[in-house]
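Printed here is structure.cif (mmCIF, C-alpha atoms, pLDDT in the B column; chains and numbers go by the auth columns):
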data_work
#
loop_
_atom_site.group_PDB
_atom_site.id
_atom_site.type_symbol
_atom_site.label_atom_id
_atom_site.label_comp_id
_atom_site.label_asym_id
_atom_site.label_seq_id
_atom_site.Cartn_x
_atom_site.Cartn_y
_atom_site.Cartn_z
_atom_site.B_iso_or_equiv
_atom_site.auth_seq_id
_atom_site.auth_asym_id
ATOM 1 C CA MET A 1 -101.140 -143.479 130.049 36.00 3 A
ATOM 2 C CA ARG A 2 -102.915 -143.784 126.699 43.00 4 A
ATOM 3 C CA LEU A 3 -104.941 -140.822 125.605 48.00 5 A
ATOM 4 C CA LEU A 4 -107.237 -142.630 123.183 55.00 6 A
ATOM 5 C CA LEU A 5 -107.460 -146.344 123.945 53.00 7 A
ATOM 6 C CA ALA A 6 -109.867 -148.863 122.506 55.00 8 A
ATOM 7 C CA GLU A 7 -110.104 -152.280 124.079 65.00 9 A
ATOM 8 C CA ASP A 8 -110.821 -153.787 120.669 88.00 10 A
ATOM 9 C CA GLU A 9 -111.174 -151.296 117.809 91.00 11 A
ATOM 10 C CA LEU A 10 -110.460 -147.581 117.573 92.00 12 A
ATOM 11 C CA ALA A 11 -111.985 -145.625 114.684 93.00 13 A
ATOM 12 C CA LEU A 12 -111.552 -141.916 113.917 93.00 14 A
ATOM 13 C CA THR A 13 -113.382 -140.185 111.092 91.00 15 A
ATOM 14 C CA SER A 14 -112.325 -136.623 110.355 92.00 16 A
ATOM 15 C CA GLY A 15 -111.810 -134.044 113.081 94.00 17 A
ATOM 16 C CA THR A 16 -108.739 -132.411 114.582 96.00 18 A
ATOM 17 C CA TYR A 17 -106.811 -134.159 117.363 95.00 19 A
ATOM 18 C CA THR A 18 -103.895 -132.839 119.410 97.00 20 A
ATOM 19 C CA ILE A 19 -102.615 -135.671 121.581 96.00 21 A
ATOM 20 C CA THR A 20 -99.872 -135.679 124.199 97.00 22 A
ATOM 21 C CA ALA A 21 -99.395 -139.000 126.004 97.00 23 A
ATOM 22 C CA ALA A 22 -96.799 -140.556 128.288 97.00 24 A
ATOM 23 C CA GLY A 23 -97.591 -143.930 126.648 96.00 25 A
ATOM 24 C CA GLN A 24 -99.182 -144.604 123.256 96.00 26 A
ATOM 25 C CA GLY A 25 -101.073 -141.777 121.570 96.00 27 A
ATOM 26 C CA LEU A 26 -103.736 -143.853 119.759 95.00 28 A
ATOM 27 C CA SER A 27 -104.101 -147.530 120.602 94.00 29 A
ATOM 28 C CA GLY A 28 -106.447 -150.364 119.655 93.00 30 A
ATOM 29 C CA LYS A 29 -106.053 -154.057 120.425 92.00 31 A
ATOM 30 C CA ASN A 30 -107.691 -155.391 117.251 95.00 32 A
ATOM 31 C CA SER A 31 -107.375 -152.347 114.995 96.00 33 A
ATOM 32 C CA VAL A 32 -106.930 -148.628 114.561 96.00 34 A
ATOM 33 C CA ARG A 33 -108.845 -147.181 111.592 96.00 35 A
ATOM 34 C CA ILE A 34 -108.508 -143.544 110.595 96.00 36 A
ATOM 35 C CA ALA A 35 -110.361 -141.749 107.791 96.00 37 A
ATOM 36 C CA ASP A 36 -109.182 -138.210 107.121 95.00 38 A
ATOM 37 C CA GLY A 37 -108.740 -135.636 109.861 95.00 39 A
ATOM 38 C CA THR A 38 -105.722 -133.972 111.364 97.00 40 A
ATOM 39 C CA CYS A 39 -103.690 -135.623 114.137 96.00 41 A
ATOM 40 C CA GLN A 40 -100.782 -134.068 115.990 98.00 42 A
ATOM 41 C CA ILE A 41 -99.387 -136.703 118.362 98.00 43 A
ATOM 42 C CA THR A 42 -96.565 -136.521 120.901 98.00 44 A
ATOM 43 C CA ALA A 43 -96.107 -139.895 122.594 98.00 45 A
ATOM 44 C CA GLY A 44 -93.771 -141.438 125.147 97.00 46 A
ATOM 45 C CA LYS A 45 -94.186 -144.767 123.345 97.00 47 A
ATOM 46 C CA ASP A 46 -95.729 -145.391 119.889 98.00 48 A
ATOM 47 C CA ALA A 47 -97.787 -142.566 118.358 98.00 49 A
ATOM 48 C CA VAL A 48 -100.295 -145.003 116.752 97.00 50 A
ATOM 49 C CA HIS A 49 -100.311 -148.612 117.986 97.00 51 A
ATOM 50 C CA ALA A 50 -102.358 -151.776 117.312 96.00 52 A
ATOM 51 C CA GLU A 51 -101.359 -155.104 118.812 95.00 53 A
ATOM 52 C CA ASN A 52 -103.175 -158.367 119.378 94.00 54 A
ATOM 53 C CA THR A 53 -100.979 -161.150 120.736 91.00 55 A
ATOM 54 C CA GLU A 54 -103.840 -163.690 120.744 92.00 56 A
ATOM 55 C CA ASP A 55 -105.004 -163.483 117.099 92.00 57 A
ATOM 56 C CA ALA A 56 -102.446 -162.980 114.298 88.00 58 A
ATOM 57 C CA THR A 57 -105.134 -161.648 111.911 88.00 59 A
ATOM 58 C CA LYS A 58 -105.870 -158.732 114.251 94.00 60 A
ATOM 59 C CA GLY A 59 -103.715 -155.880 115.457 95.00 61 A
ATOM 60 C CA PHE A 60 -103.802 -153.915 112.184 97.00 62 A
ATOM 61 C CA ILE A 61 -103.876 -150.244 111.183 98.00 63 A
ATOM 62 C CA TYR A 62 -105.767 -148.739 108.244 98.00 64 A
ATOM 63 C CA ILE A 63 -105.411 -145.063 107.304 98.00 65 A
ATOM 64 C CA ALA A 64 -107.382 -143.414 104.483 97.00 66 A
ATOM 65 C CA GLY A 65 -106.146 -139.855 104.072 97.00 67 A
ATOM 66 C CA GLY A 66 -105.567 -137.099 106.586 97.00 68 A
ATOM 67 C CA THR A 67 -102.644 -135.158 107.981 98.00 69 A
ATOM 68 C CA PHE A 68 -100.413 -136.664 110.674 97.00 70 A
ATOM 69 C CA ALA A 69 -97.569 -135.108 112.625 98.00 71 A
ATOM 70 C CA ALA A 70 -96.057 -137.590 115.085 98.00 72 A
ATOM 71 C CA GLN A 71 -93.182 -137.283 117.558 98.00 73 A
ATOM 72 C CA ALA A 72 -92.715 -140.605 119.354 98.00 74 A
ATOM 73 C CA ASP A 73 -90.165 -142.048 121.754 98.00 75 A
ATOM 74 C CA GLY A 74 -91.146 -145.467 120.319 97.00 76 A
ATOM 75 C CA ASP A 75 -92.426 -146.157 116.789 98.00 77 A
ATOM 76 C CA GLY A 76 -94.420 -143.600 114.813 98.00 78 A
ATOM 77 C CA ILE A 77 -97.020 -146.099 113.530 98.00 79 A
ATOM 78 C CA SER A 78 -96.809 -149.726 114.701 98.00 80 A
ATOM 79 C CA ALA A 79 -99.014 -152.780 114.138 98.00 81 A
ATOM 80 C CA SER A 80 -98.445 -156.393 115.134 97.00 82 A
ATOM 81 C CA ALA A 81 -100.257 -157.511 111.959 96.00 83 A
ATOM 82 C CA TYR A 82 -100.480 -155.348 108.823 97.00 84 A
ATOM 83 C CA ILE A 83 -100.666 -151.666 107.955 98.00 85 A
ATOM 84 C CA GLN A 84 -102.451 -150.219 104.929 98.00 86 A
ATOM 85 C CA ILE A 85 -102.212 -146.527 104.088 98.00 87 A
ATOM 86 C CA ASP A 86 -104.379 -145.090 101.306 98.00 88 A
ATOM 87 C CA ALA A 87 -103.111 -141.488 101.020 97.00 89 A
ATOM 88 C CA GLY A 88 -102.359 -138.827 103.593 98.00 90 A
ATOM 89 C CA ASP A 89 -99.611 -136.429 104.606 98.00 91 A
ATOM 90 C CA PHE A 90 -97.238 -137.825 107.247 98.00 92 A
ATOM 91 C CA SER A 91 -94.432 -136.203 109.217 98.00 93 A
ATOM 92 C CA ILE A 92 -92.923 -138.743 111.640 98.00 94 A
ATOM 93 C CA THR A 93 -89.990 -138.286 114.022 98.00 95 A
ATOM 94 C CA THR A 94 -88.862 -140.997 116.426 98.00 96 A
ATOM 95 C CA GLY A 95 -86.595 -140.390 119.385 95.00 97 A
ATOM 96 C CA GLU A 96 -84.170 -137.575 118.647 94.00 98 A
ATOM 97 C CA GLY A 97 -84.260 -138.420 114.928 94.00 99 A
ATOM 98 C CA SER A 98 -81.533 -139.726 112.658 92.00 100 A
ATOM 99 C CA ALA A 99 -78.969 -137.171 113.831 90.00 101 A
ATOM 100 C CA SER A 100 -78.834 -138.967 117.189 88.00 102 A
ATOM 101 C CA VAL A 101 -77.339 -142.073 115.512 85.00 103 A
ATOM 102 C CA LYS A 102 -73.615 -141.675 115.016 70.00 104 A
ATOM 103 C CA THR A 103 -71.727 -143.566 112.347 60.00 105 A
ATOM 104 C CA GLU A 104 -67.999 -144.143 112.414 48.00 106 A
ATOM 105 C CA ARG A 105 -65.772 -145.324 109.584 42.00 107 A
ATOM 106 C CA MET A 106 -63.680 -148.383 110.238 43.00 108 A
ATOM 107 C CA SER A 107 -60.006 -147.555 110.844 51.00 109 A
ATOM 108 C CA ASP A 108 -58.973 -148.922 107.410 50.00 110 A
ATOM 109 C CA PRO A 109 -60.261 -146.405 104.783 54.00 111 A
ATOM 110 C CA ARG A 110 -60.473 -149.205 102.185 51.00 112 A
ATOM 111 C CA GLN A 111 -63.285 -150.788 104.160 51.00 113 A
ATOM 112 C CA GLN A 112 -66.647 -149.318 103.189 48.00 114 A
ATOM 113 C CA GLU A 113 -68.578 -150.795 106.093 48.00 115 A
ATOM 114 C CA GLN A 114 -69.875 -148.528 108.782 45.00 116 A
ATOM 115 C CA THR A 115 -70.709 -149.346 112.352 42.00 117 A
ATOM 116 C CA GLU A 116 -73.494 -147.669 114.228 45.00 118 A
ATOM 117 C CA THR A 117 -73.085 -146.420 117.755 42.00 119 A
ATOM 118 C CA GLU A 118 -76.394 -146.258 119.556 45.00 120 A
ATOM 119 C CA ASP A 119 -77.664 -146.400 123.075 46.00 121 A
ATOM 120 C CA THR A 120 -78.069 -149.936 124.354 44.00 122 A
ATOM 121 C CA ASP A 121 -81.772 -149.176 124.787 56.00 123 A
ATOM 122 C CA SER A 122 -83.786 -151.801 122.894 81.00 124 A
ATOM 123 C CA THR A 123 -86.806 -149.557 122.256 91.00 125 A
ATOM 124 C CA SER A 124 -87.973 -149.787 118.660 95.00 126 A
ATOM 125 C CA GLN A 125 -87.947 -146.334 117.042 97.00 127 A
ATOM 126 C CA LYS A 126 -89.096 -147.015 113.490 98.00 128 A
ATOM 127 C CA GLY A 127 -91.215 -144.589 111.488 98.00 129 A
ATOM 128 C CA ILE A 128 -93.800 -147.112 110.259 98.00 130 A
ATOM 129 C CA LYS A 129 -93.514 -150.720 111.483 98.00 131 A
ATOM 130 C CA SER A 130 -95.682 -153.671 110.477 97.00 132 A
ATOM 131 C CA GLY A 131 -95.372 -157.176 111.873 96.00 133 A
ATOM 132 C CA THR A 132 -96.423 -158.698 108.549 96.00 134 A
ATOM 133 C CA ALA A 133 -97.330 -156.545 105.511 97.00 135 A
ATOM 134 C CA LEU A 134 -96.991 -152.837 104.841 98.00 136 A
ATOM 135 C CA THR A 135 -99.029 -151.502 101.905 98.00 137 A
ATOM 136 C CA ILE A 136 -98.890 -147.850 100.889 98.00 138 A
ATOM 137 C CA ASN A 137 -101.235 -146.701 98.103 98.00 139 A
ATOM 138 C CA GLY A 138 -100.203 -143.051 97.999 97.00 140 A
ATOM 139 C CA GLY A 139 -99.418 -140.196 100.306 98.00 141 A
ATOM 140 C CA THR A 140 -96.563 -137.903 101.254 98.00 142 A
ATOM 141 C CA PHE A 141 -94.059 -139.059 103.876 98.00 143 A
ATOM 142 C CA VAL A 142 -91.350 -137.136 105.710 98.00 144 A
ATOM 143 C CA THR A 143 -89.534 -139.223 108.321 98.00 145 A
ATOM 144 C CA ASP A 144 -86.631 -138.561 110.673 97.00 146 A
ATOM 145 C CA THR A 145 -86.102 -141.778 112.590 97.00 147 A
ATOM 146 C CA VAL A 146 -83.543 -143.420 114.840 95.00 148 A
ATOM 147 C CA ASP A 147 -84.267 -146.832 113.268 95.00 149 A
ATOM 148 C CA ASP A 148 -85.835 -147.885 109.923 96.00 150 A
ATOM 149 C CA SER A 149 -88.028 -145.303 108.247 97.00 151 A
ATOM 150 C CA MET A 150 -90.403 -148.042 107.012 97.00 152 A
ATOM 151 C CA HIS A 151 -90.275 -151.676 108.108 97.00 153 A
ATOM 152 C CA ALA A 152 -92.347 -154.758 107.264 97.00 154 A
ATOM 153 C CA GLY A 153 -91.938 -158.168 108.875 96.00 155 A
ATOM 154 C CA ARG A 154 -92.751 -159.918 105.578 97.00 156 A
ATOM 155 C CA THR A 155 -93.827 -157.829 102.575 97.00 157 A
ATOM 156 C CA MET A 156 -93.827 -154.167 101.588 97.00 158 A
ATOM 157 C CA THR A 157 -95.827 -152.770 98.684 96.00 159 A
#

Exercise: express the given structure as structure tokens:
Amino acid sequence: MRLLLAEDELALTSGTYTITAAGQGLSGKNSVRIADGTCQITAGKDAVHAENTEDATKGFIYIAGGTFAAQADGDGISASAYIQIDAGDFSITTGEGSASVKTERMSDPRQQEQTETEDTDSTSQKGIKSGTALTINGGTFVTDTVDDSMHAGRTMT
């Protein structure tokens, strides 16, 4: 179940949103665009999601300010193409957070490598995940994630 779903483009301008969804919280095939506002999202999948498997130039997310609190079983913010964030206050937790990932030292104390012990579940649980470029032009970010806090498939600025 998706609470706010747009077949092509989803745009939010200001307002206050409290979203609880078994699937994605906010979802748009071509894009999700948010200008200001306050969003509190609890999602069984990604909190904010844009994906277009037919056109590589689409499936992007643009955020210009606002306050976001996201608790997601999948990714916090995920786009198949690019993500651009121009300010905002973000608090993103994925899964049970970083404390759920256990690290163990190798048996030889001279080895500095660590191995991670995680569930075999292949669900992506990144804070902010872009398929191509991730551009952040300001904002405040607090993340507690099972996987990468911020991830870009190609470039991060």

Exercise for review: Check which residues satisfy the PyMOL selection byres ((chain A and resi 88) around 8) in the file shown, then give them as a ChimeraX atom specification.
Suggested key: /A:64-67,86-87,89-90,138-141

Review point. At a cut-off of 9 Å from (-99.4, -136.8, 121.6) in the coordinates of the file, what residues are picked up using all atoms listed in the file, written as number ranges by chain?
Key: A: 5, 19-28, 41-46, 49, 72-74

Review point. Which residue, A:Thr18, A:Ser124, A:Thr95, A:Ser80, has the smallest gap to His153 of chain A when you use only C-alpha atoms?
Key: A:Ser80

Review point. What lies within 12 Å of segment 99-102 of chain A using only C-alpha atoms, ignoring chain neighbours under 2 positions off, as JSON, numbers by chain?
Key: {"A": [72, 73, 74, 75, 76, 77, 78, 93, 94, 95, 96, 97, 104, 105, 118, 119, 120, 121, 127, 128, 129, 144, 145, 146, 147, 148, 149, 150, 151]}

Practice item. Have a look at A:Leu136, A:Ala52, A:Ala71, A:Ala83 and name the one nearest to Glu11 of chain A; count only C-alpha atoms. Key: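 Smallest separation from Glu11 of chain A among the options: A:Ala52.
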
Practice item. Given the file shown, enumerate the residues that the PyMOL selection byres ((chain A and resi 12) around 7) captures and present them as a list in words. Key: Ala8, Asp10, Glu11, Ala13, Leu14, Gly30, Ser33, Val34 and Arg35 of chain A

Check your understanding: atom CA of Thr125 of chain A and atom CA of Glu98 of chain A, how far apart in Å?
Key ->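 Taking atom CA of Glu98 of chain A as the start and atom CA of Thr125 of chain A as the end point, the length is 12.8 Å.
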
Exercise for review: Determine, counting all atoms listed in the file, which protein, DNA and RNA residues have an atom within 10 Å of an atom of Thr59 of chain A; residues of the same chain fewer than 4 positions away are not included. Present the result as a count of residues only.
Suggested key: 7

**Study point:** Nearest candidate to Phe92 of chain A (options A:Met158, A:Ala37, A:Gly133, A:Phe70; using all atoms listed in the file)
**Key:**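 That would be A:Phe70, the residue with the smallest distance to Phe92 of chain A.
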
Study note, to complete from the structure: A straight line from atom CA of Ala81 of chain A to atom CA of Lys131 of chain A spans 6.4 Å

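Interatomic distance, atom CA of Lys47 of chain A to atom CA of Thr157 of chain A: 24.5 Å.
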